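Participant: Following this message is one structure expressed as structure tokens.
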Amino acid sequence: MAAELLRESYEIQGRNFDKAGEISSEIKSLLGGLGLDAAAVRRTVIVAFEAEMNVVMYARRGTLTVILTDEDIDLEVRDEGPGIPDVGLAMQEGYSTASDEMREMGFGFGMGLPNMKKNADAFRIETEVGKGTSVLATIRLNSHV
Amino acid sequence: MSELTHGFKIGVEKCDGRMHCMRACPTHAIRVKGGKARVIPELCIDCGNCLAVCPTGAITATTLPFTALDKFKFKVVVASPALFAQFGPNVTPAQVGRALLDLGFDAVWEYAVDIELIDRAISKTIRNWPGPFPLISNSCPVVVRLVQVAYPAMVDQVISVDAPREIAARELKRRFAEEKNLKPEEIAAVYITPCQAKTISIIQPAEGVSSHLDGTVAIKEIYNDILFRIQRNAGRENGGASFLAIGELFHWGTPEGEFPHLLREHYLPLTGLQDVIKVFDDIEKGKLRNIEFLECHACPGGCIGGNLTVENIYAARSKLLRLSAALPRPSAGFEAEVARRCATEDLSLRGPLKPRRLGGDAFDLRERVLRKKRADELMKGLPGLNCGLCGAPSCRHHAEDVAAGWADVSDCVFLSRTRIDRLRRIYVRGEAADGRDVPTGGGEGSSKGDSHGG
């Protein structure tokens, strides 16, 4: 079991497009400041940004937790939202339930979840309709010596 | 790694420690301790903000001495298009070229060909690039260094096509060596530069190779000499010098201007370091994926806004627009030369661009996490005012410096009275410098000359 070195949690406010992306920025400076492998940081930030946007678009609120171990970066995103009725469908590129309004803002092209999966080394969704969704992603550190 | 050469030096004697530079530095590379500013070399990206704001003239630009060019038998000018924007509306590029020859240069290079070549190479690279997008232009050395220091994950997105000034220098040495029967090392390629950063990119290219250029002359440095000769030549016959067509000297679609071959909706020109940083932050999050190419310049307004130019950027831009509107169609000779070189030259960047190694990387991850936690803890005890009196640009930077062992937490004036006394000795001159309380208006002992308004 990898030793946990650092854990930080952030609150995400649903429907607040104004602030959307700020938590990903904080995670970027947190991990970048630690001098972690640049490619791993990049992938983590992309996953965090997509996750943050999903919470902002669909949920009332959520939390994003970053856990750094000496082997990887784990992201846990838990929201109080509508849940996903068909995860398999949601994972397909281009499938989206976003409103026109969201699309006008440049979001909701059905790339969010697939893109998160693509950038993570391990990826899992736990969801319950009417309650919420949790996304768990792991990005391995290639070199951190 | 060899020691980093930087575009700017802080003269210790002249430095009054007024912290303007520390506050203006975009990468937070400056600390002011003991009343003197110093640079953390790994963080400096040669932008020149510090030079522009220093109130005492303590910061000087690194230049290549002009006399160093004396050893060359044949000196060729490669002029940044920004040069032609510096002179009044009726001065032609050919007149500027003539003046450069009068100043003692042996030839003025037809730089428009190189710019066209690089423009095409960039368009081709973009078409064949598998991703990730966007690609980032590399003609501005400050932008390249910014990526190396602050966006290490994006180094592969900096386009690996060489700068036009570099391929110009390589080709002119080949050509004149052949034409004049000289050795390439007897020929100097001299870049007329709008900014300090280009000089540094010649002394120490970011990609770790050695430059084909041999020196630079600042536009500012040569402006008066050119102007004088243009005026003197104006009365003479053939003063305009028809030795070159305008199109061969000046090119509007340029890596120092704009890219006419790229589709507008996939191409974003950015100028000004603050805006470049904002957009890079968005890219890092995975935004802007539909943009294929970012043309980035650290100076607001692009190279015509460089710190070594003379004309204000608005007048210079108006002049550039005027020149480009008057540009003739490319001559058959120009097209033939572009085609010939396109077929024979390798225009790719000669070395890979790597992230710059920063001091903290030397320690293992556990130690770095410990330092971060220590810094977080220290932050709780700092005022969060970012006053800078500790000598770091913000409380956060002070906390990090302390955690790294570079600074003493008591450098914060809120945590230590003796720090104020020390600062008073450094910064306050005259009577108050001895540390006694200065009488204030209204209280006893207030002198008549005291002008406190109350």
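By convention here, the chains of the structure tokens are called A, B, ... in the order presented, each chain's residues are numbered starting at 1, and ligands are numbered starting at 1 in the order presented.
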Compile the contact shell of Thr193 of chain B as a PyMOL selection string: residues with an atom at most 8 Å away, counting only C-alpha atoms, same-chain residues fewer than 3 positions apart removed.
Facilitator: chain B and resi 79-80+83+196+198-199+216-219+308
Participant: Keeping N, CA and C atoms, export the residues of the selection given above as a tab-separated table (two decimals), in the first residue's frame.
Facilitator:
```
chain	number	residue	atom	x	y	z
B	79	ALA	N	17.42	42.19	-40.28
B	79	ALA	CA	16.65	43.20	-39.55
B	79	ALA	C	15.26	42.71	-39.20
B	80	SER	N	14.92	42.76	-37.91
B	80	SER	CA	13.56	42.45	-37.48
B	80	SER	C	12.60	43.37	-38.23
B	83	LEU	N	11.94	46.92	-37.18
B	83	LEU	CA	12.81	48.05	-37.50
B	83	LEU	C	12.15	48.99	-38.50
B	196	GLN	N	15.54	42.76	-25.66
B	196	GLN	CA	16.67	42.15	-25.00
B	196	GLN	C	16.67	40.64	-25.12
B	198	LYS	N	15.90	38.57	-27.37
B	198	LYS	CA	16.45	37.95	-28.57
B	198	LYS	C	17.97	37.84	-28.43
B	199	THR	N	18.57	38.83	-27.79
B	199	THR	CA	20.02	38.77	-27.56
B	199	THR	C	20.35	37.54	-26.71
B	216	THR	N	23.93	41.11	-31.87
B	216	THR	CA	22.70	41.88	-32.05
B	216	THR	C	23.03	43.36	-31.92
B	217	VAL	N	22.21	44.16	-32.56
B	217	VAL	CA	22.26	45.60	-32.33
B	217	VAL	C	20.83	45.99	-32.00
B	218	ALA	N	20.65	46.74	-30.92
B	218	ALA	CA	19.30	47.16	-30.54
B	218	ALA	C	18.81	48.23	-31.50
B	219	ILE	N	17.52	48.17	-31.81
B	219	ILE	CA	16.91	49.20	-32.66
B	219	ILE	C	17.20	50.58	-32.06
B	308	LEU	N	13.38	47.55	-26.71
B	308	LEU	CA	14.49	48.27	-27.35
B	308	LEU	C	14.03	48.98	-28.62
```
Participant: Using DSSP on the backbone, list every residue of segment 33-119 of chain B that comes out as strand (DSSP E or B), and give them as a list in words.
Facilitator: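 Matching residues for strand (DSSP E or B) in segment 33-119 of chain B are Lys33, Lys36, Ala37, Arg38, Val39, Ile59, Thr60, Ala61, Phe74, Lys75, Val76, Val77, Val78, Ala79, Ala107 and Val108 of chain B.
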Participant: Generate a file of the selected residues that holds C-alpha atoms, formatted as a short mmCIF file (atom, residue, chain, number, x, y, z; two decimals), in the first residue's frame.
Facilitator:
```
data_model
loop_
_atom_site.label_atom_id
_atom_site.label_comp_id
_atom_site.auth_asym_id
_atom_site.auth_seq_id
_atom_site.Cartn_x
_atom_site.Cartn_y
_atom_site.Cartn_z
CA LYS B 33 17.40 41.21 1.26
CA LYS B 36 19.65 44.78 -2.28
CA ALA B 37 17.77 42.91 -4.98
CA ARG B 38 18.94 39.57 -6.27
CA VAL B 39 17.62 37.17 -8.88
CA ILE B 59 19.40 46.96 -13.68
CA THR B 60 21.27 46.83 -16.94
CA ALA B 61 20.74 44.81 -20.06
CA PHE B 74 31.96 40.49 -43.85
CA LYS B 75 29.02 41.71 -41.76
CA VAL B 76 25.44 41.01 -42.78
CA VAL B 77 22.36 42.54 -41.19
CA VAL B 78 19.21 40.55 -40.47
CA ALA B 79 16.65 43.20 -39.55
CA ALA B 107 24.93 43.41 -46.89
CA VAL B 108 21.31 43.56 -45.79
#
```
Participant: May I have the residues of chain A within 7 Å of chain B, counting only C-alpha atoms, written as a PyMOL selection string?
Facilitator: chain A and resi 5+24+34-35+38-39+42+45-46+49+144-145
Participant: Please list as a VMD selection string every residue within 6 Å of segment 52-68 of chain A, counting only C-alpha atoms and excluding residues in the same chain fewer than 2 positions away.
Facilitator: chain A and resid 5 to 15 48 to 50 73 to 81
Participant: Dump N, CA and C atoms for the selected residues as a tab-separated table (two decimals), in the first residue's frame?
Facilitator:
```tsv
chain	number	residue	atom	x	y	z
A	5	LEU	N	0.90	10.94	1.43
A	5	LEU	CA	1.75	12.06	1.82
A	5	LEU	C	0.96	13.33	2.05
A	6	LEU	N	-0.12	13.48	1.29
A	6	LEU	CA	-0.83	14.75	1.34
A	6	LEU	C	-2.27	14.54	0.91
A	7	ARG	N	-3.19	15.24	1.58
A	7	ARG	CA	-4.60	15.14	1.22
A	7	ARG	C	-5.22	16.53	1.31
A	8	GLU	N	-5.84	16.96	0.24
A	8	GLU	CA	-6.50	18.27	0.24
A	8	GLU	C	-7.91	18.11	-0.32
A	9	SER	N	-8.90	18.77	0.34
A	9	SER	CA	-10.26	18.72	-0.17
A	9	SER	C	-10.76	20.10	-0.56
A	10	TYR	N	-11.58	20.12	-1.58
A	10	TYR	CA	-12.12	21.39	-2.06
A	10	TYR	C	-13.63	21.25	-2.25
A	11	GLU	N	-14.37	22.29	-1.89
A	11	GLU	CA	-15.82	22.31	-2.11
A	11	GLU	C	-16.10	22.85	-3.51
A	12	ILE	N	-16.99	22.18	-4.22
A	12	ILE	CA	-17.41	22.69	-5.53
A	12	ILE	C	-18.87	23.10	-5.43
A	13	GLN	N	-19.15	24.32	-5.89
A	13	GLN	CA	-20.51	24.83	-5.84
A	13	GLN	C	-21.17	24.59	-7.20
A	14	GLY	N	-22.30	23.87	-7.21
A	14	GLY	CA	-23.00	23.61	-8.46
A	14	GLY	C	-23.55	24.88	-9.08
A	15	ARG	N	-23.68	24.88	-10.40
A	15	ARG	CA	-24.30	25.99	-11.14
A	15	ARG	C	-23.51	27.28	-11.10
A	48	ALA	N	-9.25	16.69	-13.23
A	48	ALA	CA	-9.89	17.52	-12.20
A	48	ALA	C	-10.80	18.56	-12.83
A	49	PHE	N	-10.35	19.14	-13.93
A	49	PHE	CA	-11.16	20.18	-14.59
A	49	PHE	C	-12.46	19.60	-15.13
A	50	GLU	N	-12.38	18.44	-15.78
A	50	GLU	CA	-13.60	17.82	-16.32
A	50	GLU	C	-14.55	17.45	-15.18
A	73	ILE	N	-1.29	9.90	-7.82
A	73	ILE	CA	-2.20	10.96	-7.41
A	73	ILE	C	-3.61	10.40	-7.56
A	74	ASP	N	-4.38	10.44	-6.47
A	74	ASP	CA	-5.77	9.99	-6.54
A	74	ASP	C	-6.69	11.18	-6.47
A	75	LEU	N	-7.72	11.15	-7.30
A	75	LEU	CA	-8.76	12.18	-7.25
A	75	LEU	C	-10.07	11.51	-6.86
A	76	GLU	N	-10.75	12.07	-5.88
A	76	GLU	CA	-12.09	11.58	-5.52
A	76	GLU	C	-13.06	12.75	-5.65
A	77	VAL	N	-14.03	12.58	-6.53
A	77	VAL	CA	-15.00	13.65	-6.71
A	77	VAL	C	-16.37	13.10	-6.35
A	78	ARG	N	-16.99	13.64	-5.31
A	78	ARG	CA	-18.31	13.15	-4.88
A	78	ARG	C	-19.30	14.29	-4.98
A	79	ASP	N	-20.42	14.05	-5.65
A	79	ASP	CA	-21.39	15.14	-5.75
A	79	ASP	C	-22.77	14.73	-5.27
A	80	GLU	N	-23.58	15.74	-4.94
A	80	GLU	CA	-25.00	15.54	-4.66
A	80	GLU	C	-25.72	16.01	-5.91
A	81	GLY	N	-25.98	15.09	-6.80
A	81	GLY	CA	-26.59	15.47	-8.08
A	81	GLY	C	-27.58	14.42	-8.52
```
Participant: Could you check how far atom CA of Lys71 of chain B sits from atom CA of Ile187 of chain B, in Å to one decimal?
Facilitator: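 Between atom CA of Lys71 of chain B and atom CA of Ile187 of chain B the gap works out to 9.3 Å.
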Participant: Please, what distance in Å, to one decimal, runs between atom CA of Ala94 of chain B and atom CA of Thr271 of chain B?
Facilitator: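 Atom CA of Ala94 of chain B sits 28.4 Å away from atom CA of Thr271 of chain B.
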Participant: Work out how far atom CA of Arg422 of chain B is from atom CA of Val402 of chain B, in Å to one decimal.
Facilitator: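 Spanning atom CA of Val402 of chain B to atom CA of Arg422 of chain B is a straight-line distance of 18.7 Å.
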Participant: Could you give me, as number ranges by chain, the residues within 10 Å of Ala122 of chain A, counting only C-alpha atoms and dropping anything in the same chain fewer than 3 positions from it?
Facilitator: A: 74, 116-119, 136-140
Participant: Save the residues we just selected, C-alpha atoms, as an mmCIF file, in the first residue's frame?
Facilitator:
```cif
data_model
loop_
_atom_site.group_PDB
_atom_site.id
_atom_site.type_symbol
_atom_site.label_atom_id
_atom_site.label_comp_id
_atom_site.auth_asym_id
_atom_site.auth_seq_id
_atom_site.Cartn_x
_atom_site.Cartn_y
_atom_site.Cartn_z
ATOM 1 C CA ASP A 74 -5.765 9.985 -6.539
ATOM 2 C CA MET A 116 -11.226 11.747 -17.810
ATOM 3 C CA LYS A 117 -10.910 8.037 -18.420
ATOM 4 C CA LYS A 118 -8.383 8.616 -21.176
ATOM 5 C CA ASN A 119 -6.160 10.711 -18.913
ATOM 6 C CA LEU A 136 -12.452 7.970 -8.563
ATOM 7 C CA ALA A 137 -9.399 8.457 -10.724
ATOM 8 C CA THR A 138 -5.757 7.518 -10.257
ATOM 9 C CA ILE A 139 -2.805 8.977 -12.083
ATOM 10 C CA ARG A 140 0.504 7.219 -11.564
#
```
Participant: When DSSP is applied to the backbone of this structure, which of segment 21-139 of chain A are assigned alpha helix (DSSP H)? Write them out as a ChimeraX atom specification.
Facilitator: /A:22-33,38-58,87-90,100-104,112-119
Participant: Which residues, written as a list of chain:residue names, have at least one atom at most 6 Å from segment 403-410 of chain B, with only C-alpha atoms counted and residues fewer than 2 positions away on the same chain left out?
Facilitator: B:Arg371, B:Arg374, B:Ala375, B:Glu400, B:Asp401, B:Cys412, B:Leu415, B:Ser416
Participant: If we count only C-alpha atoms, what is near segment 172-184 of chain B at a cut-off of 9 Å, once residues fewer than 4 positions away on the same chain are taken out, given as a list in words?
Facilitator: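 The residues that qualify are Lys73, Phe74, Val76, Trp109, Ile167, Ala168, Ala188, Ala189 and His212 of chain B.
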Participant: Of the candidates A:Ser134, A:Pro85, A:Ser25, A:Met91, which shows the shortest atom-to-atom distance to Phe280 of chain B, using only C-alpha atoms?
Facilitator: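 Smallest separation from Phe280 of chain B among the options: A:Ser25.
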